[in-house]
Structure formats: structure tokens, C-alpha cells
file structure.cif (mmCIF, C-alpha atoms)
data_work
#
loop_
_atom_site.group_PDB
_atom_site.id
_atom_site.type_symbol
_atom_site.label_atom_id
_atom_site.label_comp_id
_atom_site.auth_asym_id
_atom_site.auth_seq_id
_atom_site.Cartn_x
_atom_site.Cartn_y
_atom_site.Cartn_z
ATOM 1 C CA MET A 1 -94.427 26.963 -32.051
ATOM 2 C CA PRO A 2 -93.167 29.936 -29.996
ATOM 3 C CA SER A 3 -89.733 29.424 -28.536
ATOM 4 C CA VAL A 4 -89.506 28.890 -24.819
ATOM 5 C CA PRO A 5 -86.736 30.761 -23.018
ATOM 6 C CA ASN A 6 -84.438 28.937 -20.652
ATOM 7 C CA LEU A 7 -86.369 29.733 -17.482
ATOM 8 C CA PRO A 8 -84.376 29.413 -14.246
ATOM 9 C CA ASP A 9 -84.998 26.785 -11.583
ATOM 10 C CA VAL A 10 -86.033 29.221 -8.872
ATOM 11 C CA VAL A 11 -86.229 26.534 -6.182
ATOM 12 C CA LEU A 12 -82.615 25.489 -6.757
ATOM 13 C CA TRP A 13 -81.418 29.074 -6.782
ATOM 14 C CA SER A 14 -83.335 29.799 -3.557
ATOM 15 C CA ILE A 15 -81.843 26.987 -1.468
ATOM 16 C CA PRO A 16 -78.990 29.150 -0.066
ATOM 17 C CA ALA A 17 -81.546 31.781 0.980
ATOM 18 C CA PHE A 18 -83.712 29.080 2.590
ATOM 19 C CA LEU A 19 -80.772 27.856 4.657
ATOM 20 C CA LEU A 20 -79.631 31.344 5.642
ATOM 21 C CA LEU A 21 -83.104 32.460 6.730
ATOM 22 C CA THR A 22 -83.603 29.232 8.685
ATOM 23 C CA VAL A 23 -80.362 29.784 10.597
ATOM 24 C CA LEU A 24 -81.277 33.398 11.307
ATOM 25 C CA GLU A 25 -84.741 32.443 12.548
ATOM 26 C CA ALA A 26 -83.348 29.684 14.773
ATOM 27 C CA VAL A 27 -80.802 32.084 16.283
ATOM 28 C CA GLY A 28 -83.541 34.671 16.756
ATOM 29 C CA HIS A 29 -85.687 32.175 18.659
ATOM 30 C CA ARG A 30 -82.717 31.284 20.841
ATOM 31 C CA LEU A 31 -81.799 34.892 21.634
ATOM 32 C CA HIS A 32 -85.312 36.331 21.878
ATOM 33 C CA PRO A 33 -87.881 33.615 22.575
ATOM 34 C CA GLU A 34 -91.389 35.019 22.301
ATOM 35 C CA GLU A 35 -93.169 32.207 24.118
ATOM 36 C CA PRO A 36 -90.671 30.207 26.165
ATOM 37 C CA GLY A 37 -93.379 27.961 27.596
ATOM 38 C CA SER A 38 -95.117 27.215 24.305
ATOM 39 C CA PRO A 39 -94.449 23.766 22.808
ATOM 40 C CA ALA A 40 -94.956 25.225 19.308
ATOM 41 C CA ALA A 41 -92.465 28.051 19.671
ATOM 42 C CA GLY A 42 -88.921 27.874 18.361
ATOM 43 C CA TYR A 43 -87.030 24.889 17.032
ATOM 44 C CA GLU A 44 -86.644 21.297 18.180
ATOM 45 C CA ALA A 45 -83.665 19.375 16.810
ATOM 46 C CA ARG A 46 -85.438 16.131 15.871
ATOM 47 C CA ASP A 47 -88.398 17.921 14.335
ATOM 48 C CA SER A 48 -86.144 20.171 12.239
ATOM 49 C CA ALA A 49 -84.003 17.235 11.147
ATOM 50 C CA THR A 50 -87.122 15.374 10.014
ATOM 51 C CA SER A 51 -88.345 18.389 8.054
ATOM 52 C CA LEU A 52 -84.967 18.759 6.345
ATOM 53 C CA ALA A 53 -84.916 15.039 5.513
ATOM 54 C CA MET A 54 -88.420 15.285 4.049
ATOM 55 C CA GLY A 55 -87.340 18.241 1.925
ATOM 56 C CA LEU A 56 -84.250 16.492 0.576
ATOM 57 C CA GLY A 57 -86.243 13.338 -0.097
ATOM 58 C CA SER A 58 -88.895 15.291 -1.971
ATOM 59 C CA LEU A 59 -86.254 16.600 -4.394
ATOM 60 C CA ALA A 60 -85.326 13.044 -5.327
ATOM 61 C CA PHE A 61 -88.878 11.728 -5.550
ATOM 62 C CA ASP A 62 -90.128 14.773 -7.444
ATOM 63 C CA ALA A 63 -87.555 14.042 -10.140
ATOM 64 C CA LEU A 64 -89.146 10.603 -10.484
ATOM 65 C CA TRP A 65 -92.753 11.839 -10.491
ATOM 66 C CA LYS A 66 -91.930 14.453 -13.116
ATOM 67 C CA ILE A 67 -91.486 11.728 -15.736
ATOM 68 C CA PRO A 68 -95.187 10.791 -16.111
ATOM 69 C CA ALA A 69 -96.280 14.390 -15.452
ATOM 70 C CA VAL A 70 -94.050 15.807 -18.197
ATOM 71 C CA ALA A 71 -95.165 13.045 -20.553
ATOM 72 C CA ALA A 72 -98.841 13.887 -19.953
ATOM 73 C CA TYR A 73 -98.257 17.633 -20.222
ATOM 74 C CA SER A 74 -96.255 17.240 -23.429
ATOM 75 C CA ALA A 75 -98.964 15.072 -25.000
ATOM 76 C CA VAL A 76 -101.731 17.568 -24.149
ATOM 77 C CA HIS A 77 -99.603 20.514 -25.279
ATOM 78 C CA ALA A 78 -98.927 18.779 -28.592
ATOM 79 C CA LEU A 79 -102.636 18.129 -29.144
ATOM 80 C CA THR A 80 -103.964 21.589 -28.327
ATOM 81 C CA PRO A 81 -103.888 24.184 -31.115
ATOM 82 C CA LEU A 82 -103.563 26.985 -28.564
ATOM 83 C CA ARG A 83 -100.228 28.604 -27.795
ATOM 84 C CA ILE A 84 -99.430 31.263 -25.196
ATOM 85 C CA PRO A 85 -96.041 32.850 -25.828
ATOM 86 C CA VAL A 86 -93.663 33.237 -22.922
ATOM 87 C CA GLU A 87 -93.155 36.993 -22.767
ATOM 88 C CA TRP A 88 -92.568 39.490 -19.996
ATOM 89 C CA TRP A 89 -96.258 40.395 -19.952
ATOM 90 C CA THR A 90 -97.665 36.848 -20.194
ATOM 91 C CA LEU A 91 -95.629 35.377 -17.341
ATOM 92 C CA PRO A 92 -97.496 37.359 -14.630
ATOM 93 C CA LEU A 93 -100.800 36.181 -16.155
ATOM 94 C CA MET A 94 -99.565 32.585 -16.170
ATOM 95 C CA LEU A 95 -98.469 32.950 -12.554
ATOM 96 C CA LEU A 96 -101.918 34.288 -11.648
ATOM 97 C CA ALA A 97 -103.598 31.352 -13.407
ATOM 98 C CA GLN A 98 -101.226 28.834 -11.811
ATOM 99 C CA ASP A 99 -102.009 30.298 -8.378
ATOM 100 C CA PHE A 100 -105.740 29.872 -9.074
ATOM 101 C CA PHE A 101 -105.320 26.198 -9.934
ATOM 102 C CA TYR A 102 -102.938 25.775 -6.983
ATOM 103 C CA TYR A 103 -105.772 26.920 -4.714
ATOM 104 C CA TRP A 104 -108.041 24.149 -6.016
ATOM 105 C CA SER A 105 -105.279 21.552 -5.909
ATOM 106 C CA HIS A 106 -104.472 22.503 -2.330
ATOM 107 C CA ARG A 107 -108.122 22.509 -1.319
ATOM 108 C CA GLY A 108 -108.659 19.145 -2.988
ATOM 109 C CA HIS A 109 -105.710 17.686 -1.093
ATOM 110 C CA HIS A 110 -107.491 18.601 2.139
ATOM 111 C CA VAL A 111 -110.947 17.252 1.378
ATOM 112 C CA VAL A 112 -110.175 13.991 -0.482
ATOM 113 C CA ARG A 113 -108.477 11.461 1.754
ATOM 114 C CA ILE A 114 -106.298 9.737 -0.852
ATOM 115 C CA LEU A 115 -104.962 13.170 -1.815
ATOM 116 C CA TRP A 116 -104.642 14.168 1.845
ATOM 117 C CA ALA A 117 -102.365 11.138 2.314
ATOM 118 C CA CYS A 118 -99.830 13.017 0.197
ATOM 119 C CA HIS A 119 -100.318 16.472 1.705
ATOM 120 C CA VAL A 120 -100.584 15.401 5.351
ATOM 121 C CA VAL A 121 -96.778 15.277 5.454
ATOM 122 C CA HIS A 122 -96.588 19.052 5.278
ATOM 123 C CA HIS A 123 -98.882 19.402 8.297
ATOM 124 C CA SER A 124 -97.358 16.697 10.485
ATOM 125 C CA SER A 125 -95.051 18.989 12.480
ATOM 126 C CA ARG A 126 -96.265 20.536 15.719
ATOM 127 C CA LYS A 127 -93.784 23.358 15.174
ATOM 128 C CA PHE A 128 -94.207 26.264 12.799
ATOM 129 C CA ASN A 129 -90.972 27.696 11.499
ATOM 130 C CA PHE A 130 -88.986 27.886 8.280
ATOM 131 C CA THR A 131 -88.060 24.186 8.440
ATOM 132 C CA THR A 132 -91.789 23.391 8.322
ATOM 133 C CA ALA A 133 -91.837 24.872 4.819
ATOM 134 C CA LEU A 134 -89.251 22.271 3.797
ATOM 135 C CA ARG A 135 -91.353 19.344 5.094
ATOM 136 C CA GLN A 136 -92.593 18.270 1.676
ATOM 137 C CA PRO A 137 -94.287 15.020 0.569
ATOM 138 C CA TRP A 138 -92.601 12.232 -1.346
ATOM 139 C CA THR A 139 -95.748 11.262 -3.293
ATOM 140 C CA SER A 140 -96.572 14.480 -5.148
ATOM 141 C CA LEU A 141 -97.745 12.626 -8.262
ATOM 142 C CA THR A 142 -101.287 13.546 -7.197
ATOM 143 C CA THR A 143 -100.856 17.266 -7.954
ATOM 144 C CA TRP A 144 -100.178 17.409 -11.696
ATOM 145 C CA PRO A 145 -103.736 16.637 -12.989
ATOM 146 C CA PHE A 146 -105.022 19.901 -11.492
ATOM 147 C CA TYR A 147 -102.911 21.923 -13.951
ATOM 148 C CA LEU A 148 -103.927 20.140 -17.154
ATOM 149 C CA PRO A 149 -106.394 22.956 -18.049
ATOM 150 C CA LEU A 150 -103.465 25.395 -18.216
ATOM 151 C CA ILE A 151 -101.572 23.132 -20.610
ATOM 152 C CA ALA A 152 -104.736 22.664 -22.702
ATOM 153 C CA CYS A 153 -105.019 26.468 -22.923
ATOM 154 C CA GLY A 154 -101.562 26.657 -24.469
ATOM 155 C CA VAL A 155 -99.233 27.217 -21.493
ATOM 156 C CA HIS A 156 -95.931 25.495 -22.177
ATOM 157 C CA PRO A 157 -94.968 22.852 -19.570
ATOM 158 C CA ALA A 158 -91.687 24.692 -18.916
ATOM 159 C CA ALA A 159 -93.577 27.898 -18.156
ATOM 160 C CA LEU A 160 -95.901 26.017 -15.811
ATOM 161 C CA ALA A 161 -92.896 24.504 -14.027
ATOM 162 C CA PHE A 162 -91.418 27.982 -13.569
ATOM 163 C CA CYS A 163 -94.675 29.382 -12.162
ATOM 164 C CA SER A 164 -95.094 26.407 -9.812
ATOM 165 C CA SER A 165 -91.541 26.851 -8.539
ATOM 166 C CA ALA A 166 -92.067 30.576 -7.995
ATOM 167 C CA ASN A 167 -95.253 29.819 -6.051
ATOM 168 C CA LEU A 168 -93.408 27.313 -3.858
ATOM 169 C CA VAL A 169 -90.551 29.726 -3.186
ATOM 170 C CA TYR A 170 -92.980 32.486 -2.211
ATOM 171 C CA GLN A 171 -94.562 30.247 0.404
ATOM 172 C CA PHE A 172 -91.297 29.670 2.260
ATOM 173 C CA TRP A 173 -91.314 32.991 4.114
ATOM 174 C CA ILE A 174 -94.902 32.665 5.371
ATOM 175 C CA HIS A 175 -93.980 29.680 7.592
ATOM 176 C CA THR A 176 -92.978 31.697 10.627
ATOM 177 C CA GLU A 177 -94.290 33.050 13.909
ATOM 178 C CA ARG A 178 -91.745 35.865 13.941
ATOM 179 C CA ILE A 179 -93.749 38.071 11.565
ATOM 180 C CA GLY A 180 -97.029 39.441 12.862
ATOM 181 C CA ARG A 181 -99.843 41.119 10.971
ATOM 182 C CA LEU A 182 -98.749 43.125 7.932
ATOM 183 C CA PRO A 183 -100.441 46.327 6.670
ATOM 184 C CA ARG A 184 -104.102 45.785 5.833
ATOM 185 C CA PRO A 185 -103.755 46.144 2.016
ATOM 186 C CA VAL A 186 -101.138 43.364 2.054
ATOM 187 C CA GLU A 187 -103.268 41.123 4.261
ATOM 188 C CA LEU A 188 -106.266 41.668 1.981
ATOM 189 C CA VAL A 189 -104.515 40.460 -1.161
ATOM 190 C CA LEU A 190 -101.487 38.297 -0.371
ATOM 191 C CA ASN A 191 -101.006 35.127 1.609
ATOM 192 C CA THR A 192 -99.083 36.165 4.720
ATOM 193 C CA PRO A 193 -97.631 34.471 7.814
ATOM 194 C CA SER A 194 -100.803 35.359 9.729
ATOM 195 C CA HIS A 195 -103.031 33.683 7.135
ATOM 196 C CA HIS A 196 -100.767 30.659 6.840
ATOM 197 C CA ARG A 197 -100.544 30.131 10.591
ATOM 198 C CA VAL A 198 -104.303 29.632 10.480
ATOM 199 C CA HIS A 199 -103.873 27.174 7.634
ATOM 200 C CA HIS A 200 -101.482 25.051 9.703
ATOM 201 C CA ALA A 201 -103.554 25.176 12.896
ATOM 202 C CA SER A 202 -105.597 22.186 13.978
ATOM 203 C CA GLN A 203 -108.405 23.572 16.087
ATOM 204 C CA GLY A 204 -111.966 24.763 15.683
ATOM 205 C CA THR A 205 -112.773 27.210 12.904
ATOM 206 C CA TYR A 206 -109.157 27.121 11.708
ATOM 207 C CA LEU A 207 -109.541 23.634 10.216
ATOM 208 C CA ASP A 208 -109.211 23.522 6.423
ATOM 209 C CA ARG A 209 -108.975 27.250 5.812
ATOM 210 C CA ASN A 210 -106.727 29.633 3.839
ATOM 211 C CA PHE A 211 -105.621 27.412 0.947
ATOM 212 C CA GLY A 212 -104.089 30.185 -1.169
ATOM 213 C CA GLY A 213 -100.519 30.034 -2.408
ATOM 214 C CA ILE A 214 -99.423 33.567 -3.269
ATOM 215 C CA LEU A 215 -102.828 35.247 -3.150
ATOM 216 C CA ILE A 216 -105.393 35.028 -0.360
ATOM 217 C CA VAL A 217 -108.098 36.500 -2.599
ATOM 218 C CA TRP A 218 -109.156 32.998 -3.753
ATOM 219 C CA ASP A 219 -110.072 32.087 -0.180
ATOM 220 C CA ARG A 220 -112.016 35.312 0.194
ATOM 221 C CA LEU A 221 -113.860 34.641 -3.079
ATOM 222 C CA PHE A 222 -114.648 30.956 -2.448
ATOM 223 C CA GLY A 223 -115.558 31.076 1.237
ATOM 224 C CA SER A 224 -112.522 29.376 2.795
ATOM 225 C CA PHE A 225 -110.914 32.400 4.460
ATOM 226 C CA GLU A 226 -110.459 32.619 8.215
ATOM 227 C CA PRO A 227 -108.558 35.467 9.952
ATOM 228 C CA GLU A 228 -106.111 34.780 12.734
ATOM 229 C CA ALA A 229 -107.698 35.401 16.121
ATOM 230 C CA GLU A 230 -106.810 32.917 18.864
ATOM 231 C CA PRO A 231 -103.321 31.386 19.125
ATOM 232 C CA CYS A 232 -102.731 28.515 16.722
ATOM 233 C CA VAL A 233 -102.190 24.902 17.769
ATOM 234 C CA TYR A 234 -100.132 23.298 15.027
ATOM 235 C CA GLY A 235 -100.068 19.745 13.765
ATOM 236 C CA LEU A 236 -102.832 17.244 13.075
ATOM 237 C CA THR A 237 -106.072 16.586 14.884
ATOM 238 C CA LYS A 238 -104.499 13.179 15.612
ATOM 239 C CA ASN A 239 -100.767 13.706 15.749
ATOM 240 C CA ILE A 240 -98.191 11.079 14.861
ATOM 241 C CA ASP A 241 -95.451 10.382 17.381
ATOM 242 C CA THR A 242 -92.569 9.692 15.043
ATOM 243 C CA TYR A 243 -89.579 11.464 13.548
ATOM 244 C CA ASN A 244 -88.875 8.653 11.090
ATOM 245 C CA PRO A 245 -89.049 10.269 7.606
ATOM 246 C CA LEU A 246 -90.314 7.065 5.972
ATOM 247 C CA ARG A 247 -93.183 6.780 8.446
ATOM 248 C CA VAL A 248 -93.964 10.489 8.133
ATOM 249 C CA ALA A 249 -94.161 10.075 4.348
ATOM 250 C CA THR A 250 -96.345 6.960 4.370
ATOM 251 C CA HIS A 251 -98.358 6.829 7.608
ATOM 252 C CA GLU A 252 -101.661 7.940 6.076
ATOM 253 C CA TYR A 253 -101.355 5.458 3.219
ATOM 254 C CA VAL A 254 -100.844 2.733 5.826
ATOM 255 C CA ALA A 255 -103.961 3.931 7.677
ATOM 256 C CA ILE A 256 -105.965 3.933 4.438
ATOM 257 C CA ALA A 257 -104.855 0.378 3.641
ATOM 258 C CA ARG A 258 -105.894 -0.724 7.134
ATOM 259 C CA ASP A 259 -109.311 0.879 6.729
ATOM 260 C CA LEU A 260 -109.797 -0.656 3.286
ATOM 261 C CA ARG A 261 -109.098 -4.127 4.670
ATOM 262 C CA ALA A 262 -111.718 -3.544 7.371
ATOM 263 C CA ALA A 263 -114.321 -2.015 5.022
ATOM 264 C CA ARG A 264 -117.674 -3.832 5.058
ATOM 265 C CA ASP A 265 -118.487 -3.164 1.385
ATOM 266 C CA TRP A 266 -117.329 -1.282 -1.674
ATOM 267 C CA ARG A 267 -119.235 1.854 -0.675
ATOM 268 C CA GLU A 268 -117.334 2.111 2.578
ATOM 269 C CA GLY A 269 -114.090 1.398 0.743
ATOM 270 C CA ALA A 270 -114.808 4.197 -1.718
ATOM 271 C CA GLY A 271 -115.633 6.527 1.169
ATOM 272 C CA ARG A 272 -112.327 5.700 2.850
ATOM 273 C CA LEU A 273 -110.529 6.752 -0.342
ATOM 274 C CA PHE A 274 -112.492 9.651 -1.766
ATOM 275 C CA ARG A 275 -114.359 11.303 1.114
ATOM 276 C CA GLY A 276 -112.784 13.641 3.631
ATOM 277 C CA PRO A 277 -110.003 12.550 6.003
ATOM 278 C CA GLY A 278 -112.436 12.671 8.934
ATOM 279 C CA TRP A 279 -115.221 10.697 7.253
ATOM 280 C CA GLN A 280 -116.714 7.760 9.132
ATOM 281 C CA PRO A 281 -119.242 5.266 7.710
ATOM 282 C CA ALA A 282 -122.704 5.097 9.210
ATOM 283 C CA ALA A 283 -122.824 2.706 12.142
ATOM 284 C CA ALA A 284 -124.601 -0.571 11.467
ATOM 285 C CA PRO A 285 -127.921 -0.901 13.362
ATOM 286 C CA PRO A 286 -127.834 -3.373 16.251
ATOM 287 C CA ALA A 287 -129.189 -6.855 15.563
ATOM 288 C CA ALA A 288 -132.824 -7.265 16.545
ATOM 289 C CA ASP A 289 -133.539 -9.345 19.637
ATOM 290 C CA PRO A 290 -136.288 -11.833 18.707
ATOM 291 C CA ALA A 291 -137.302 -12.071 22.375
ATOM 292 C CA ALA A 292 -137.848 -8.316 22.646
ATOM 293 C CA PRO A 293 -141.501 -7.185 22.677
ATOM 294 C CA SER A 294 -142.815 -5.510 19.568
ATOM 295 C CA SER A 295 -143.560 -1.863 20.239
ATOM 296 C CA PRO A 296 -143.533 1.385 18.281
ATOM 297 C CA ALA A 297 -140.111 2.150 19.756
ATOM 298 C CA ALA A 298 -138.778 -1.300 18.898
ATOM 299 C CA ARG A 299 -140.038 -0.969 15.328
ATOM 300 C CA GLY A 300 -138.327 2.397 14.892
ATOM 301 C CA THR A 301 -135.246 3.229 12.899
ATOM 302 C CA GLY A 302 -132.999 0.929 14.871
ATOM 303 C CA GLY A 303 -129.718 2.036 16.386
ATOM 304 C CA ALA A 304 -128.503 5.579 16.176
ATOM 305 C CA ARG A 305 -126.536 6.273 13.022
ATOM 306 C CA THR A 306 -123.387 8.328 12.931
ATOM 307 C CA ALA A 307 -123.686 11.280 10.593
ATOM 308 C CA GLU A 308 -120.967 11.877 8.048
ATOM 309 C CA GLY A 309 -118.187 13.884 9.591
ATOM 310 C CA ALA A 310 -119.364 13.242 13.152
ATOM 311 C CA GLY A 311 -117.495 11.238 15.709
ATOM 312 C CA PRO A 312 -113.710 10.923 15.697
ATOM 313 C CA ALA A 313 -111.734 13.388 13.653
ATOM 314 C CA GLY A 314 -110.325 10.703 11.424
ATOM 315 C CA PRO A 315 -109.999 6.994 10.842
ATOM 316 C CA GLY A 316 -106.241 6.782 10.862
ATOM 317 C CA PRO A 317 -103.431 8.236 12.900
ATOM 318 C CA SER A 318 -103.922 11.540 11.175
ATOM 319 C CA ALA A 319 -106.845 13.641 10.114
ATOM 320 C CA SER A 320 -107.343 16.866 8.307
ATOM 321 C CA PRO A 321 -105.829 19.744 10.192
ATOM 322 C CA ALA A 322 -106.483 23.306 9.656
ATOM 323 C CA SER A 323 -103.935 22.965 7.049
#

call {"tool": "encode", "arguments": {"input": "structure.cif", "output": "C-alpha cells"}}
result
Amino acid sequence: MPSVPNLPDVVLWSIPAFLLLTVLEAVGHRLHPEEPGSPAAGYEARDSATSLAMGLGSLAFDALWKIPAVAAYSAVHALTPLRIPVEWWTLPLMLLAQDFFYYWSHRGHHVVRILWACHVVHHSSRKFNFTTALRQPWTSLTTWPFYLPLIACGVHPAALAFCSSANLVYQFWIHTERIGRLPRPVELVLNTPSHHRVHHASQGTYLDRNFGGILIVWDRLFGSFEPEAEPCVYGLTKNIDTYNPLRVATHEYVAIARDLRAARDWREGAGRLFRGPGWQPAAAPPAADPAAPSSPAARGTGGARTAEGAGPAGPGPSASPAS
């Protein structure tokens, strides 16, 4: 089996840069506020503290979730006869492939509610600054299955971990309002602050758009791209009024459990888990009044039924944003 070099932990090495850039951005907002009257502009102490707490917590929980993920990856890698060596020319190809599967993982975490319960954490802030990038979930066990095809194709788990870390580090700098549109060739290919502001917005055509990690070309290819036009309103379609990290990490799971208890049958329960965050079951038709006269109208389809996706944006305290 090809030897695997000791690839660096790029997230760990980037932490000093994260902190320095966050301080510089916060000072910049204080000295030169762009939108003093905007509730989304700048920093707010409690919001930033919550984001930092979520980031620190994710480091601890990710170490726990890596145990079953590494076990599964190692088993698949041992079974596959394929091997991709880790060389200077294969790493960029692995990074490209990892970014492709990241797109589908990210998109899946927006359109399947039980996956959204993990990812909603990252969208729960109504601010958009570098601390928002640090607001990471504590239940990221749901992400590893999306990358099994890479392991089955012969990518070593250590190489996948390196590519995933590089992807995460890249996305730090795009969480800012201080950088406007970049030159058109850059905006056409790469994920940029402009594209990612749309992703974090919670209104209209911005909902569930721009899922790319490093590249925006996947969104352009698969019909999920939306350019930045109107100002972005950040957060969730139903925001949560808490700065408690534990509640931020678990609030959607609590909402799912509440909806499952109230589900009328197994179909509704399955919908609450596996359909979109904004899905609502069809309304039950009203009970027939035996005293009512029989008429063509009375013998019709019954009460109006709510179409899937219509009605409230979501069943719990949060729903899919334009994340």
C-alpha cells in the first residue's frame, strides 16, 4: 500500500490566523461602520461569544465523532483494491473531488430535516462576520457517509481529512461583509463572500442557494446558483432567541422530537425526519356534518389540503434559511 505522508492539520495551524483576522475585522467595523443602522452589520458581544463557544465545542465533539467515521473509512479502504497515491499532483485532484462531494453533503443538509438539524447551527446567527464561520455544529456525525465513494475509489482517509480541513479553512474568509464583488473570473469559478452572503440569507430567492465550498461551479452546473442582488437578511426564516450554546446546538432536534410525538401516523413521522425543514403534512379534511344537505359541493374533495412546502416556513423554531 502506498505510504501516506504526515499531512498537516491545516485547521489547527490556521487558528492564529482566524483569531487575528477576526480582531482586525471587529476593529474595522468599529472604526469604519458601513451600515450603522443595520442590525446585521458589525459585531455583537453575545452573538460572537456564542459563535466562539460553538467553534470550541465542535473541536471536542468532532474528536468523538471521528471514531466511528475513521472506523468506517478504514474498513472500506481495506476492502477496496483501488489505491490513489498521495503525490503533489494527486492532492489537487483529491481536493477537487472532495469539494464535489462537499457540495452534495451541504445541499443534503439543507433539504433533509434530520441533516438540517445538524447544519442549522451554522445559520443561526443574524450577524455575518468571521465569528459566524466559527459557529460549527456539535453533531457532525451526519457528514461522513457522503465521502464514502472517495474512500471506495482508493483515497486514503488521511488524505480525505486533509482535503476536508483545507476546504473548511478556505471558507473562513468568505464569511464577511467587508469584501465586495471580486473580479468576474474569480466570481465565476470560486466561492466568494458575495456568493456566501447569499447562502446565509433567509429571504426570497436566496433560500437554499450557493452550496459550494471552494468552487461555485457546482452550483452553476446543478442549478442552485443565485447572484447577490438585494441586501441579505441573515439568520433563519424562524430565528431562535437564545445565546445558550447547548440550545443552539440542539434546538432543531428538540423541535423534531416534538413533531414526532405529535405525528398522526408513520408517514407523517417519516416526513418530519426526511423531508425538507419547511415540510408540512397535508391537513386532515374536516369531519362531515351528518345534518348537512347532500349536494355536489358537499360531496366534493372535502377541506382544502395544504400542499407540500406551503404554509409556515417550518415546523419547529427554525427552518431552512438561504443557507

call {"tool": "resolve_selection", "arguments": {"input": "structure.cif", "expression": "the PyMOL selection byres ((chain A and resi 132) around 9)", "output": "ChimeraX atom specification"}}
result
/A:47-48,51-52,122-125,127-131,133-136,172,175-176

call {"tool": "closest_atom_pairs", "arguments": {"input": "structure.cif", "of": "segment 134-219 of chain A", "to": "segment 5-23 of chain A", "cutoff": "8 Å", "atoms": "only C-alpha atoms", "output": "Markdown table"}}
result
| residue | atom | partner | partner_atom | distance |
| --- | --- | --- | --- | --- |
| A:Ala158 | CA | A:Leu7 | CA | 7.5 |
| A:Ala159 | CA | A:Leu7 | CA | 7.5 |
| A:Phe162 | CA | A:Leu7 | CA | 6.6 |
| A:Ser165 | CA | A:Val11 | CA | 5.8 |
| A:Ala166 | CA | A:Val10 | CA | 6.2 |
| A:Leu168 | CA | A:Val11 | CA | 7.6 |
| A:Val169 | CA | A:Val11 | CA | 6.2 |
| A:Phe172 | CA | A:Phe18 | CA | 7.6 |

call {"tool": "write_last_selection", "arguments": {"input": "structure.cif", "atoms": "C-alpha atoms", "output": "PDB file, in the coordinates of the input"}}
result
ATOM      1  CA  ALA A 158     -91.687  24.692 -18.916  1.00  0.00           C
ATOM      2  CA  ALA A 159     -93.577  27.898 -18.156  1.00  0.00           C
ATOM      3  CA  PHE A 162     -91.418  27.982 -13.569  1.00  0.00           C
ATOM      4  CA  SER A 165     -91.541  26.851  -8.539  1.00  0.00           C
ATOM      5  CA  ALA A 166     -92.067  30.576  -7.995  1.00  0.00           C
ATOM      6  CA  LEU A 168     -93.408  27.313  -3.858  1.00  0.00           C
ATOM      7  CA  VAL A 169     -90.551  29.726  -3.186  1.00  0.00           C
ATOM      8  CA  PHE A 172     -91.297  29.670   2.260  1.00  0.00           C
TER       9      PHE A 172
END

call {"tool": "closest_residue", "arguments": {"input": "structure.cif", "among": "A:Pro245, A:Pro281, A:Gly213, A:Arg126", "to": "Cys232 of chain A", "atoms": "all atoms listed in the file"}}
result
A:Arg126

call {"tool": "resolve_selection", "arguments": {"input": "structure.cif", "expression": "the PyMOL selection byres ((chain A and resi 253-261) around 12)", "output": "ChimeraX atom specification"}}
result
/A:112-121,138-139,240,246-252,262-281,314-319

call {"tool": "resolve_selection", "arguments": {"input": "structure.cif", "expression": "the PyMOL selection byres ((chain A and resi 220) around 12)", "output": "list in words"}}
result
Tyr103, Glu187, Leu188, Val189, Leu190, Asn191, His195, Arg209, Asn210, Phe211, Gly212, Leu215, Ile216, Val217, Trp218, Asp219, Leu221, Phe222, Gly223, Ser224, Phe225, Glu226 and Pro227 of chain A

call {"tool": "closest_residue", "arguments": {"input": "structure.cif", "among": "A:Ile214, A:Leu79, A:Ala229, A:Leu160", "to": "Arg181 of chain A", "atoms": "all atoms listed in the file"}}
result
A:Ala229

call {"tool": "closest_residue", "arguments": {"input": "structure.cif", "among": "A:Pro92, A:Gly180, A:Pro185, A:Gly28", "to": "Glu228 of chain A", "atoms": "only C-alpha atoms"}}
result
A:Gly180

call {"tool": "residues_around", "arguments": {"input": "structure.cif", "residues": "Lys66 of chain A", "least_positions_apart": "4", "cutoff": "9 Å", "atoms": "only C-alpha atoms", "output": "ChimeraX atom specification"}}
result
/A:61-62,70-71,141,144

call {"tool": "atom_distance", "arguments": {"input": "structure.cif", "atom1": "atom CA of Ala49 of chain A", "atom2": "atom CA of Arg107 of chain A"}}
result
27.7 Å

call {"tool": "residues_near_point", "arguments": {"input": "structure.cif", "point": "(-102.5, 21.7, -10.2)", "cutoff": "10 Å", "atoms": "all atoms listed in the file", "output": "ChimeraX atom specification"}}
result
/A:98-106,108,142-150,160,164

call {"tool": "atom_distance", "arguments": {"input": "structure.cif", "atom1": "atom CA of Val233 of chain A", "atom2": "atom CA of Thr205 of chain A"}}
result
11.9 Å

call {"tool": "atom_distance", "arguments": {"input": "structure.cif", "atom1": "atom CA of Thr237 of chain A", "atom2": "atom CA of His196 of chain A"}}
result
17.1 Å
